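K.L.:
Sharing query-v2.txt here; it has compact mmCIF, C-alpha atoms.
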```
# COMPACT_ATOMS: atom_id res chain seq x y z
CA MET A 1 21.08 52.06 180.15
CA THR A 2 19.57 55.25 178.81
CA THR A 3 22.77 56.11 176.93
CA THR A 4 22.69 52.83 175.00
CA THR A 5 19.07 53.34 174.09
CA MET A 6 19.80 56.89 173.01
CA GLY A 7 22.82 55.71 171.08
CA THR A 8 20.84 53.00 169.37
CA SER A 9 17.97 55.31 168.49
CA PHE A 10 20.46 57.89 167.13
CA HIS A 11 22.11 55.14 165.11
CA SER A 12 18.81 53.88 163.70
CA ALA A 13 17.75 57.44 162.95
CA LEU A 14 20.98 57.88 160.99
CA GLU A 15 20.31 54.59 159.18
CA ASN A 16 16.82 55.82 158.29
CA LEU A 17 18.32 59.08 157.04
CA ARG A 18 20.63 57.10 154.76
CA THR A 19 17.64 55.56 153.02
CA THR A 20 16.05 58.91 152.17
CA GLY A 21 16.12 60.25 148.65
CA VAL A 22 17.84 63.49 149.68
CA TRP A 23 20.76 61.61 151.32
CA LYS A 24 21.11 59.34 148.29
CA SER A 25 21.11 62.34 145.95
CA ILE A 26 24.08 63.82 147.87
CA PHE A 27 26.07 60.67 148.74
CA ARG A 28 25.55 58.42 145.76
CA SER A 29 27.67 55.45 146.84
CA GLY A 30 25.32 54.07 149.52
CA PRO A 31 26.35 52.30 152.74
CA ALA A 32 30.05 51.38 153.02
CA VAL A 33 29.55 47.65 153.44
CA THR A 34 31.90 46.42 150.73
CA ASN A 35 35.45 47.44 149.71
CA ARG A 36 34.02 48.69 146.42
CA ALA A 37 31.47 50.89 148.21
CA ARG A 38 34.23 52.21 150.53
CA SER A 39 36.38 53.12 147.53
CA LEU A 40 33.44 54.74 145.76
CA LYS A 41 32.80 56.87 148.86
CA VAL A 42 36.20 58.48 148.29
CA PHE A 43 35.99 58.65 144.49
CA ASP A 44 32.48 60.13 144.46
CA ASN A 45 33.24 62.94 146.89
CA LEU A 46 34.63 66.19 145.50
CA LEU A 47 36.45 66.93 148.76
CA LEU A 48 37.99 63.46 149.02
CA HIS A 49 38.58 62.38 145.41
CA TRP A 50 42.20 63.54 145.34
CA LEU A 51 43.03 61.39 148.35
CA PRO A 52 44.46 57.93 147.79
CA VAL A 53 42.18 55.07 148.75
CA LYS A 54 45.09 53.34 150.44
CA VAL A 55 48.34 54.71 151.89
CA ARG A 56 51.55 53.01 152.96
CA GLU A 57 51.83 52.95 156.72
CA ASN A 58 55.48 54.08 156.67
CA SER A 59 54.58 57.20 154.68
CA LEU A 60 52.47 58.45 157.58
CA GLY A 61 55.29 58.83 160.12
CA VAL A 62 56.64 62.26 161.01
CA ARG A 63 60.08 61.62 159.55
CA ALA A 64 58.72 60.47 156.19
CA THR A 65 57.47 63.95 155.26
CA TYR A 66 57.58 66.14 158.42
CA TYR A 67 54.03 66.92 157.18
CA LEU A 68 55.57 69.87 155.31
CA GLY A 69 53.10 69.75 152.41
CA SER A 70 50.11 69.52 154.74
CA LEU A 71 51.49 72.35 156.87
CA LEU A 72 51.84 74.49 153.75
CA LEU A 73 48.26 73.70 152.73
CA PHE A 74 47.00 74.70 156.19
CA LEU A 75 49.10 77.87 156.07
CA PHE A 76 47.57 78.70 152.68
CA ILE A 77 44.09 78.28 154.17
CA ILE A 78 45.06 80.46 157.15
CA MET A 79 46.44 83.08 154.73
CA ALA A 80 43.19 83.03 152.73
CA VAL A 81 40.95 83.38 155.81
CA THR A 82 43.01 86.02 157.64
CA GLY A 83 43.60 87.80 154.32
CA VAL A 84 39.86 88.14 153.74
CA PHE A 85 39.52 89.42 157.33
CA LEU A 86 42.12 92.11 156.65
CA MET A 87 40.34 93.12 153.43
CA PHE A 88 37.39 94.32 155.51
CA TYR A 89 39.48 97.20 156.90
CA TYR A 90 42.31 97.75 154.41
CA ARG A 91 41.96 100.16 151.48
CA PRO A 92 44.68 99.90 148.82
CA VAL A 93 44.96 103.63 148.09
CA ALA A 94 47.97 105.77 148.94
CA PRO A 95 46.35 108.16 151.46
CA ASN A 96 44.66 105.35 153.45
CA ALA A 97 46.73 102.18 153.19
CA TYR A 98 49.31 102.99 155.89
CA TYR A 99 46.71 104.30 158.36
CA ASP A 100 44.39 101.32 157.72
CA MET A 101 47.32 99.03 158.55
CA LYS A 102 47.95 101.07 161.72
CA ASP A 103 44.25 100.88 162.62
CA LEU A 104 44.36 97.11 162.20
CA ARG A 105 47.20 97.03 164.70
CA PHE A 106 45.94 99.53 167.29
CA VAL A 107 42.21 100.19 166.83
CA VAL A 108 40.42 97.13 165.44
CA SER A 109 39.52 94.50 168.06
CA ASN A 110 41.93 91.56 167.72
CA GLY A 111 43.21 93.25 164.57
CA VAL A 112 46.84 92.90 165.62
CA PHE A 113 46.27 89.16 166.13
CA VAL A 114 44.77 88.68 162.66
CA ARG A 115 47.41 90.86 161.00
CA ASN A 116 50.26 89.07 162.73
CA MET A 117 48.77 85.68 161.87
CA HIS A 118 48.81 86.77 158.25
CA ARG A 119 52.28 88.31 158.45
CA ILE A 120 54.06 85.63 160.48
CA GLY A 121 52.19 82.88 158.62
CA ALA A 122 53.47 84.34 155.36
CA HIS A 123 57.06 84.28 156.64
CA LEU A 124 56.54 80.68 157.79
CA MET A 125 55.05 79.74 154.43
CA VAL A 126 58.15 80.91 152.54
CA LEU A 127 60.37 79.09 155.05
CA LEU A 128 58.38 75.84 154.90
CA ALA A 129 58.14 76.01 151.09
CA PHE A 130 61.94 76.01 150.89
CA TRP A 131 62.18 73.25 153.50
CA HIS A 132 59.57 71.23 151.58
CA MET A 133 61.54 71.64 148.33
CA VAL A 134 64.82 70.63 150.00
CA HIS A 135 63.20 67.65 151.70
CA VAL A 136 61.52 66.42 148.51
CA PHE A 137 64.79 66.92 146.63
CA TYR A 138 66.85 64.84 149.07
CA ARG A 139 64.14 62.17 149.10
CA GLY A 140 64.40 61.96 145.29
CA GLY A 141 60.79 63.06 144.91
CA TYR A 142 61.68 64.91 141.68
CA LYS A 143 62.49 61.62 139.87
CA PRO A 144 60.07 59.85 137.51
CA PRO A 145 57.16 59.29 137.78
CA ARG A 146 56.93 62.45 139.92
CA GLU A 147 58.98 64.77 137.69
CA PHE A 148 55.97 66.82 136.54
CA ASN A 149 54.73 67.27 140.10
CA TRP A 150 58.17 68.69 140.92
CA VAL A 151 57.60 71.24 138.13
CA ILE A 152 54.20 72.14 139.63
CA GLY A 153 55.99 72.44 142.99
CA VAL A 154 58.49 74.91 141.49
CA MET A 155 55.55 76.94 140.13
CA LEU A 156 54.01 76.92 143.61
CA LEU A 157 57.29 78.13 145.13
CA LEU A 158 57.37 81.00 142.64
CA LEU A 159 53.71 81.80 143.42
CA THR A 160 54.47 81.75 147.16
CA LEU A 161 57.38 84.16 146.64
CA SER A 162 55.25 86.40 144.39
CA LEU A 163 52.47 86.48 146.99
CA SER A 164 55.06 87.32 149.63
CA TYR A 165 56.58 90.08 147.48
CA THR A 166 53.26 91.70 146.52
CA GLY A 167 52.00 91.50 150.12
CA TYR A 168 55.17 93.19 151.36
CA LEU A 169 54.20 96.48 149.67
CA LEU A 170 50.70 96.68 151.14
CA PRO A 171 51.55 98.14 154.60
CA TRP A 172 52.80 101.16 152.55
CA ASP A 173 55.54 102.05 155.03
CA GLN A 174 59.16 103.01 154.30
CA LEU A 175 60.34 99.39 154.37
CA ALA A 176 57.63 98.35 151.91
CA PHE A 177 58.27 101.30 149.60
CA TRP A 178 62.02 100.79 149.36
CA ALA A 179 61.84 97.00 149.17
CA THR A 180 59.54 97.37 146.16
CA THR A 181 61.73 100.08 144.65
CA VAL A 182 64.76 97.82 144.94
CA GLY A 183 62.89 94.71 143.77
CA SER A 184 61.31 96.39 140.75
CA ASN A 185 64.66 97.87 139.74
CA MET A 186 65.89 94.30 139.42
CA ILE A 187 63.22 93.83 136.70
CA SER A 188 64.88 96.64 134.69
CA ALA A 189 68.01 94.52 134.51
CA ALA A 190 66.22 92.14 132.13
CA PRO A 191 67.51 92.83 128.60
CA ALA A 192 65.34 94.68 126.02
CA ILE A 193 61.97 94.43 127.79
CA GLY A 194 63.14 95.15 131.38
CA ASN A 195 62.15 98.82 131.54
CA GLU A 196 58.82 98.26 129.75
CA VAL A 197 57.87 95.41 132.09
CA ARG A 198 58.85 97.48 135.12
CA PHE A 199 56.76 100.41 133.88
CA VAL A 200 53.68 98.20 133.48
CA ALA A 201 54.29 96.36 136.76
CA LEU A 202 54.55 99.64 138.69
CA GLY A 203 52.01 101.54 136.58
CA GLY A 204 54.48 104.42 136.41
CA HIS A 205 58.16 105.32 136.58
CA THR A 206 58.34 105.09 140.35
CA VAL A 207 56.49 103.16 143.07
CA GLY A 208 53.23 105.03 143.64
CA GLY A 209 49.46 104.77 144.00
CA ASN A 210 49.14 102.73 140.80
CA THR A 211 51.73 100.26 142.08
CA LEU A 212 49.89 99.80 145.38
CA LEU A 213 46.61 99.03 143.61
CA ARG A 214 48.26 96.70 141.08
CA PHE A 215 50.12 94.74 143.75
CA TYR A 216 46.90 94.53 145.80
CA VAL A 217 44.94 93.03 142.88
CA PHE A 218 47.73 90.54 142.26
CA HIS A 219 47.96 89.74 145.98
CA VAL A 220 44.26 89.19 146.68
CA VAL A 221 42.89 87.86 143.37
CA ILE A 222 45.24 86.71 140.63
CA LEU A 223 48.02 84.99 142.57
CA PRO A 224 45.79 83.24 145.18
CA LEU A 225 43.55 81.94 142.37
CA LEU A 226 46.56 80.58 140.48
CA ALA A 227 47.95 79.11 143.71
CA PHE A 228 44.59 77.43 144.41
CA LEU A 229 44.55 75.81 140.96
CA PHE A 230 48.18 74.70 141.20
CA ILE A 231 47.66 73.32 144.73
CA GLY A 232 44.70 71.29 143.42
CA ALA A 233 46.80 69.87 140.59
CA HIS A 234 49.75 69.26 142.96
CA LEU A 235 47.73 67.23 145.49
CA TRP A 236 45.88 65.30 142.79
CA ARG A 237 49.22 64.41 141.16
CA VAL A 238 50.57 63.07 144.48
CA ARG A 239 47.89 60.40 144.32
CA LYS A 240 48.15 59.86 140.56
CA ASP A 241 51.95 59.49 140.72
CA GLY A 242 51.74 56.69 143.25
CA GLY A 243 51.51 58.37 146.62
CA LEU A 244 54.19 59.93 148.79
CA THR A 245 57.84 59.17 148.16
CA VAL A 246 59.22 56.75 150.68
CA GLY A 247 63.00 56.39 150.92
CA ALA A 248 64.83 53.05 150.88
CA LYS A 249 65.43 53.33 154.61
CA ASP A 250 61.69 53.41 155.26
CA HIS A 251 61.20 50.20 153.31
CA ASP A 252 63.73 48.54 155.64
CA GLY A 253 61.92 49.95 158.61
CA GLN A 254 65.15 51.54 159.92
CA ASP A 255 64.20 55.15 159.60
CA MET B 1 43.37 61.28 112.36
CA SER B 2 40.21 60.28 110.57
CA ASP B 3 41.55 61.93 107.39
CA ASP B 4 44.38 59.40 107.21
CA LYS B 5 41.94 56.51 107.41
CA ALA B 6 39.93 58.00 104.58
CA ASN B 7 43.07 58.31 102.47
CA PRO B 8 45.08 55.09 102.91
CA ALA B 9 47.61 55.83 100.13
CA GLY B 10 50.61 55.60 102.50
CA ALA B 11 53.22 58.01 103.89
CA ASN B 12 54.55 59.20 100.50
CA ALA B 13 51.13 60.22 99.32
CA ASP B 14 50.59 62.17 102.55
CA ALA B 15 52.87 65.03 101.50
CA LYS B 16 51.31 65.34 98.06
CA ARG B 17 47.77 64.82 99.31
CA GLU B 18 45.52 67.74 98.57
CA ALA B 19 44.38 69.65 101.61
CA SER B 20 40.94 68.50 102.66
CA ARG B 21 38.15 70.94 103.39
CA ARG B 22 38.66 70.14 107.10
CA ASP B 23 42.40 70.98 106.92
CA VAL B 24 41.68 74.34 105.30
CA LEU B 25 38.95 75.21 107.79
CA ASN B 26 41.21 74.13 110.66
CA GLU B 27 44.05 76.32 109.43
CA ILE B 28 41.76 79.29 108.91
CA THR B 29 40.22 78.82 112.37
CA TRP B 30 43.51 78.43 114.23
CA GLY B 31 45.13 81.17 112.20
CA ALA B 32 42.28 83.57 113.00
CA LEU B 33 42.33 82.59 116.68
CA GLY B 34 46.11 83.06 116.73
CA ILE B 35 45.90 86.54 115.22
CA ALA B 36 43.04 87.45 117.55
CA GLY B 37 45.07 86.11 120.49
CA LEU B 38 48.12 88.18 119.57
CA GLY B 39 45.91 91.24 119.14
CA ALA B 40 44.26 90.61 122.50
CA ALA B 41 47.70 90.27 124.13
CA ALA B 42 48.81 93.59 122.59
CA LEU B 43 45.58 95.35 123.66
CA THR B 44 45.96 93.90 127.18
CA PHE B 45 49.52 95.20 127.43
CA GLN B 46 48.36 98.64 126.26
CA PHE B 47 45.49 98.59 128.75
CA PHE B 48 47.89 98.01 131.64
CA SER B 49 50.34 100.66 130.45
CA PRO B 50 49.03 103.93 131.94
CA ASN B 51 48.71 106.99 129.70
CA VAL B 52 48.22 109.59 132.42
CA LEU B 53 50.66 109.67 135.29
CA PHE B 54 50.41 111.83 138.38
CA GLU B 55 54.16 112.15 138.62
CA LEU B 56 56.30 115.27 138.84
CA PRO B 57 57.12 117.08 135.56
CA THR B 58 60.46 116.06 134.08
CA THR B 59 61.38 119.66 133.22
CA PHE B 60 61.31 122.00 136.18
CA ARG B 61 62.72 125.21 137.59
CA ALA B 62 65.38 124.90 140.27
CA GLY B 63 65.08 128.48 141.44
CA ASP B 64 67.39 131.44 141.58
CA PRO B 65 71.08 130.60 140.97
CA ASP B 66 72.05 132.60 144.05
CA ARG B 67 70.32 129.99 146.24
CA TYR B 68 73.32 127.76 145.61
CA PRO B 69 76.64 129.02 147.07
CA VAL B 70 79.91 128.24 145.29
CA ASN B 71 81.27 124.77 146.15
CA SER B 72 77.95 123.42 147.38
CA VAL B 73 75.88 120.27 146.78
CA THR B 74 72.14 120.74 147.31
CA LEU B 75 69.55 117.94 147.24
CA LEU B 76 66.20 118.81 145.68
CA GLN B 77 64.03 116.46 147.75
CA ASP B 78 61.06 116.18 145.38
CA GLN B 79 62.92 115.86 142.09
CA LEU B 80 65.71 113.69 143.53
CA ILE B 81 68.63 115.55 141.99
CA TYR B 82 71.62 117.43 143.35
CA ILE B 83 72.33 120.94 142.11
CA VAL B 84 76.10 121.24 142.35
CA ARG B 85 77.81 124.61 142.08
CA THR B 86 81.56 124.66 141.63
CA ALA B 87 83.89 127.57 140.91
CA SER B 88 83.31 127.02 137.17
CA GLY B 89 79.50 126.80 137.26
CA PHE B 90 76.43 124.59 137.75
CA TYR B 91 75.52 121.03 136.97
CA ALA B 92 72.57 118.79 137.90
CA VAL B 93 73.34 115.22 138.92
CA SER B 94 70.85 112.46 139.79
CA ALA B 95 70.35 111.57 143.46
CA VAL B 96 68.98 108.12 142.61
CA CYS B 97 71.51 105.33 143.04
CA THR B 98 72.26 103.50 139.78
CA HIS B 99 72.30 100.18 141.65
CA LEU B 100 68.67 99.61 142.72
CA GLY B 101 67.11 103.04 142.87
CA CYS B 102 67.48 104.18 146.49
CA ILE B 103 67.93 107.89 147.27
CA THR B 104 71.57 108.74 147.98
CA GLN B 105 72.80 111.12 150.68
CA TRP B 106 75.38 113.92 150.38
CA LYS B 107 78.04 113.63 153.08
CA PRO B 108 79.96 116.94 153.08
CA GLU B 109 82.37 115.78 155.81
CA VAL B 110 83.83 113.10 153.50
CA ASN B 111 82.96 114.91 150.25
CA THR B 112 81.06 111.87 148.88
CA ILE B 113 77.52 110.94 147.87
CA THR B 114 76.62 107.63 149.57
CA CYS B 115 73.70 105.25 149.20
CA PRO B 116 72.09 104.02 152.45
CA CYS B 117 70.84 100.76 150.90
CA HIS B 118 74.02 99.00 149.76
CA SER B 119 76.80 101.53 150.50
CA SER B 120 77.64 102.64 146.97
CA LYS B 121 79.79 105.78 147.04
CA PHE B 122 80.06 108.51 144.43
CA GLN B 123 82.05 111.71 144.01
CA PRO B 124 80.01 114.93 143.84
CA THR B 125 80.63 114.75 140.06
CA GLY B 126 78.60 111.52 140.05
CA GLU B 127 81.70 109.42 139.37
CA ARG B 128 81.50 106.01 141.04
CA LEU B 129 83.97 105.44 143.88
CA GLU B 130 82.97 102.06 145.34
CA GLY B 131 80.06 99.72 146.02
CA PRO B 132 77.72 97.68 143.84
CA ALA B 133 76.50 100.59 141.65
CA PRO B 134 77.32 99.68 138.04
CA LEU B 135 77.23 103.22 136.58
CA PRO B 136 78.06 106.79 137.57
CA LEU B 137 75.19 109.11 138.53
CA PRO B 138 73.87 110.71 135.31
CA HIS B 139 74.02 114.46 134.66
CA TYR B 140 70.85 116.20 133.46
CA ALA B 141 70.62 119.14 131.07
CA ILE B 142 70.61 122.44 133.01
CA ASN B 143 70.02 125.90 131.59
CA PHE B 144 68.89 129.40 132.48
CA THR B 145 65.33 130.44 131.78
CA ALA B 146 64.64 133.82 130.16
CA ASP B 147 64.13 135.35 133.62
CA GLY B 148 67.45 133.99 134.89
CA GLU B 149 66.35 130.96 136.93
CA LEU B 150 67.88 127.51 136.67
CA GLN B 151 65.91 124.93 134.70
CA VAL B 152 66.60 121.18 134.63
CA ASP B 153 65.39 118.67 132.04
CA LYS B 154 65.53 115.13 133.43
CA LEU B 155 64.82 113.55 130.05
CA GLN B 156 68.09 114.90 128.64
CA ILE B 157 71.19 113.19 129.97
CA ILE B 158 74.37 115.10 129.18
CA LYS B 159 78.11 114.39 129.48
CA ALA B 160 79.60 114.67 132.95
CA ASP B 161 82.11 117.36 131.93
CA GLN B 162 79.48 119.86 130.75
CA VAL B 163 79.04 122.74 133.18
CA LEU B 164 76.65 125.68 132.99
CA LYS B 165 78.75 128.83 133.41
CA ALA B 166 77.41 130.95 136.24
```
Turn the structure described in the file into structure tokens.
P.N.:
Amino acid sequence: MTTTTMGTSFHSALENLRTTGVWKSIFRSGPAVTNRARSLKVFDNLLLHWLPVKVRENSLGVRATYYLGSLLLFLFIIMAVTGVFLMFYYRPVAPNAYYDMKDLRFVVSNGVFVRNMHRIGAHLMVLLAFWHMVHVFYRGGYKPPREFNWVIGVMLLLLTLSLSYTGYLLPWDQLAFWATTVGSNMISAAPAIGNEVRFVALGGHTVGGNTLLRFYVFHVVILPLLAFLFIGAHLWRVRKDGGLTVGAKDHDGQD
Amino acid sequence: MSDDKANPAGANADAKREASRRDVLNEITWGALGIAGLGAAALTFQFFSPNVLFELPTTFRAGDPDRYPVNSVTLLQDQLIYIVRTASGFYAVSAVCTHLGCITQWKPEVNTITCPCHSSKFQPTGERLEGPAPLPLPHYAINFTADGELQVDKLQIIKADQVLKA
């Protein structure tokens, strides 16, 4: 019975660790022996505090949410990690950008895998964001008390599309160049300020080196930071607004 | 507000009530912050609006007139204009589609300028034939330099019926 002994000694070692001052300074709520202590464990932890202490069992099934929100969160994390990987090789200047992208595909070890994760993940993210919106809409998730979280969701959709649009220019190939030319010309259609806004967005009259750098800064700093903040607010509001929406069918246990 | 508690004269008195020191200081503070905020927004906009551009000059020479035979449409690749020479003379027409800014192509076999992006079609005069383009292609001012070369000014848009006599 060596395993039991080992298990017991590991367990007691862990118990001893829990009584140390260092442990108590990190995890303030102490051993989870009461319901109150269990709740405090969630409330007191930065990484857990936005989670509900209790969830309805029927909101955990696949058909309740299709896990679309969670999938989007994981895609965002994948985008952030693979994006930082790509930043190690990509230079957002006109003479280098296209060749750095090519190097990532054909020269860098596993570069094509990382780049495609970022690229295909981005396509998936736009797709799932729309699916998430449609699903929440048909579930009535935009109704009170969740109406403000729907607004945050719309902001997140716009941020996802903006990230997608700014990232599209970065390969600096013909497709990217003309897609941005066409897209930025749509800005000019805005009355009065259209041409001014387009000029500042592109940093010139046509898509060029300034545009590439501007879109890069938006793509790797400004928009991800905004998305991070909005995602935080969005998830926190899910809990504050009473958890996930569950349709009438789920209450009857028929769905 | 704590001010209201200190001054319990009722709603009617509120309007007539003299501004307290706190009200005045609040207004001055928020007013100053508002002005500073507007100024900061204006400075930010200026900062992001570039003053030096490494773009092509808007006025440029298009070379010797003899380069362009009568009844020809020639694309100048860098400047994105067509130099058109008809029996009556020269004109310069934009090669950038008025829809969403793609570069058009001259198709001599059908005598039209077409856009590869969304299939807008124009006559060699720039007049719109079909497609989503909302406007005809603009004509730019064209003149002879002192030494007899063609010169185009892309900042001056002229009427479509103006032709530079050869």
K.L.:
Kindly determine which residues of chain B lie within 10 Å of chain A, considering only C-alpha atoms, and give the answer as a VMD selection string.
P.N.:
chain B and resid 45 to 55 98 to 103 117
K.L.:
What does the distance between atom CA of Met133 of chain A and atom CA of Tyr165 of chain A come to in Å, to one decimal place?
P.N.:
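Here the two named atoms are 19.1 Å from each other.
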K.L.:
Which residues come within 10 Å of Val73 of chain B, counting all atoms listed in the file, excluding same-chain residues fewer than 6 positions away, as an mmCIF file with C-alpha atoms, in the coordinates of the input?
P.N.:
```cif
data_model
loop_
_atom_site.group_PDB
_atom_site.id
_atom_site.type_symbol
_atom_site.label_atom_id
_atom_site.label_comp_id
_atom_site.auth_asym_id
_atom_site.auth_seq_id
_atom_site.Cartn_x
_atom_site.Cartn_y
_atom_site.Cartn_z
ATOM 1 C CA ILE B 81 68.630 115.550 141.990
ATOM 2 C CA TYR B 82 71.620 117.430 143.350
ATOM 3 C CA ILE B 83 72.330 120.940 142.110
ATOM 4 C CA VAL B 84 76.100 121.240 142.350
ATOM 5 C CA ARG B 85 77.810 124.610 142.080
ATOM 6 C CA THR B 86 81.560 124.660 141.630
ATOM 7 C CA TYR B 91 75.520 121.030 136.970
ATOM 8 C CA ALA B 92 72.570 118.790 137.900
ATOM 9 C CA VAL B 93 73.340 115.220 138.920
ATOM 10 C CA TRP B 106 75.380 113.920 150.380
ATOM 11 C CA LYS B 107 78.040 113.630 153.080
ATOM 12 C CA PRO B 108 79.960 116.940 153.080
ATOM 13 C CA ASN B 111 82.960 114.910 150.250
ATOM 14 C CA ILE B 113 77.520 110.940 147.870
ATOM 15 C CA PRO B 124 80.010 114.930 143.840
ATOM 16 C CA THR B 125 80.630 114.750 140.060
#
```
K.L.:
List the neighbours of segment 58-70 of chain B out to 12 Å using only C-alpha atoms; skip same-chain residues closer than 6 positions along the sequence, and give me the result as a PyMOL selection string.
P.N.:
(chain A and resi 205) or (chain B and resi 76-92+140-157+164-166)
K.L.:
Counting all atoms listed in the file, which residues have an atom no more than 12 Å from (44.4, 57.9, 149.6) in the file's coordinates? Please list them as a list in words.
P.N.:
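Taken together, the residues in range are Arg38, Ser39, Lys41, Val42, Phe43, Leu48, His49, Trp50, Leu51, Pro52, Val53, Lys54, Val55, Arg56, Glu57, Ser59, Leu60, Leu235, Trp236, Arg237, Val238, Arg239, Lys240, Asp241, Gly242, Gly243 and Leu244 of chain A.
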K.L.:
Quick one: pull the distance between atom CA of Leu104 of chain A and atom CA of Leu175 of chain A, Å, one decimal.
P.N.:
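For atom CA of Leu104 of chain A relative to atom CA of Leu175 of chain A, the distance reads 17.9 Å.
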K.L.:
I'd like the contact shell of Val114 of chain A - 12 Å cut-off, all atoms listed in the file, skipping same-chain residues fewer than 4 positions apart - returned as a PyMOL selection string.
P.N.:
chain A and resi 78-89+101+104-106+108-110+118-121
K.L.:
I'd like the interatomic distance between atom CA of Ala95 of chain B and atom CA of Asp173 of chain A, to a tenth of an Å.
P.N.:
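Spanning atom CA of Ala95 of chain B to atom CA of Asp173 of chain A is a straight-line distance of 21.1 Å.
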K.L.:
Considering all atoms listed in the file, state which residue in the set A:His234, A:His219, A:Pro144, A:Met125 is at the smallest distance from Ile77 of chain A.
P.N.:
A:Met125
K.L.:
Could you give me, as a PyMOL selection string, the residues within 8 Å of Val93 of chain A, counting all atoms listed in the file and dropping anything in the same chain fewer than 4 positions from it?
P.N.:
chain A and resi 97+209+212-213
K.L.:
Counting only C-alpha atoms, which residues come within 12 Å of (79.8, 96.2, 140.3), with the point read in the file's coordinates, and could you list them as a list in words?
P.N.:
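Here is the list of nearby residues: Thr98, His99, Leu100, His118, Ser119, Ser120, Lys121, Arg128, Leu129, Glu130, Gly131, Pro132, Ala133, Pro134, Leu135 and Pro136 of chain B.
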K.L.:
Would you list the contacts of segment 11-21 of chain A as a count of residues only, taking every protein, DNA or RNA residue within 9 Å and counting all atoms listed in the file, but skipping same-chain residues closer than 6 positions in sequence?
P.N.:
3
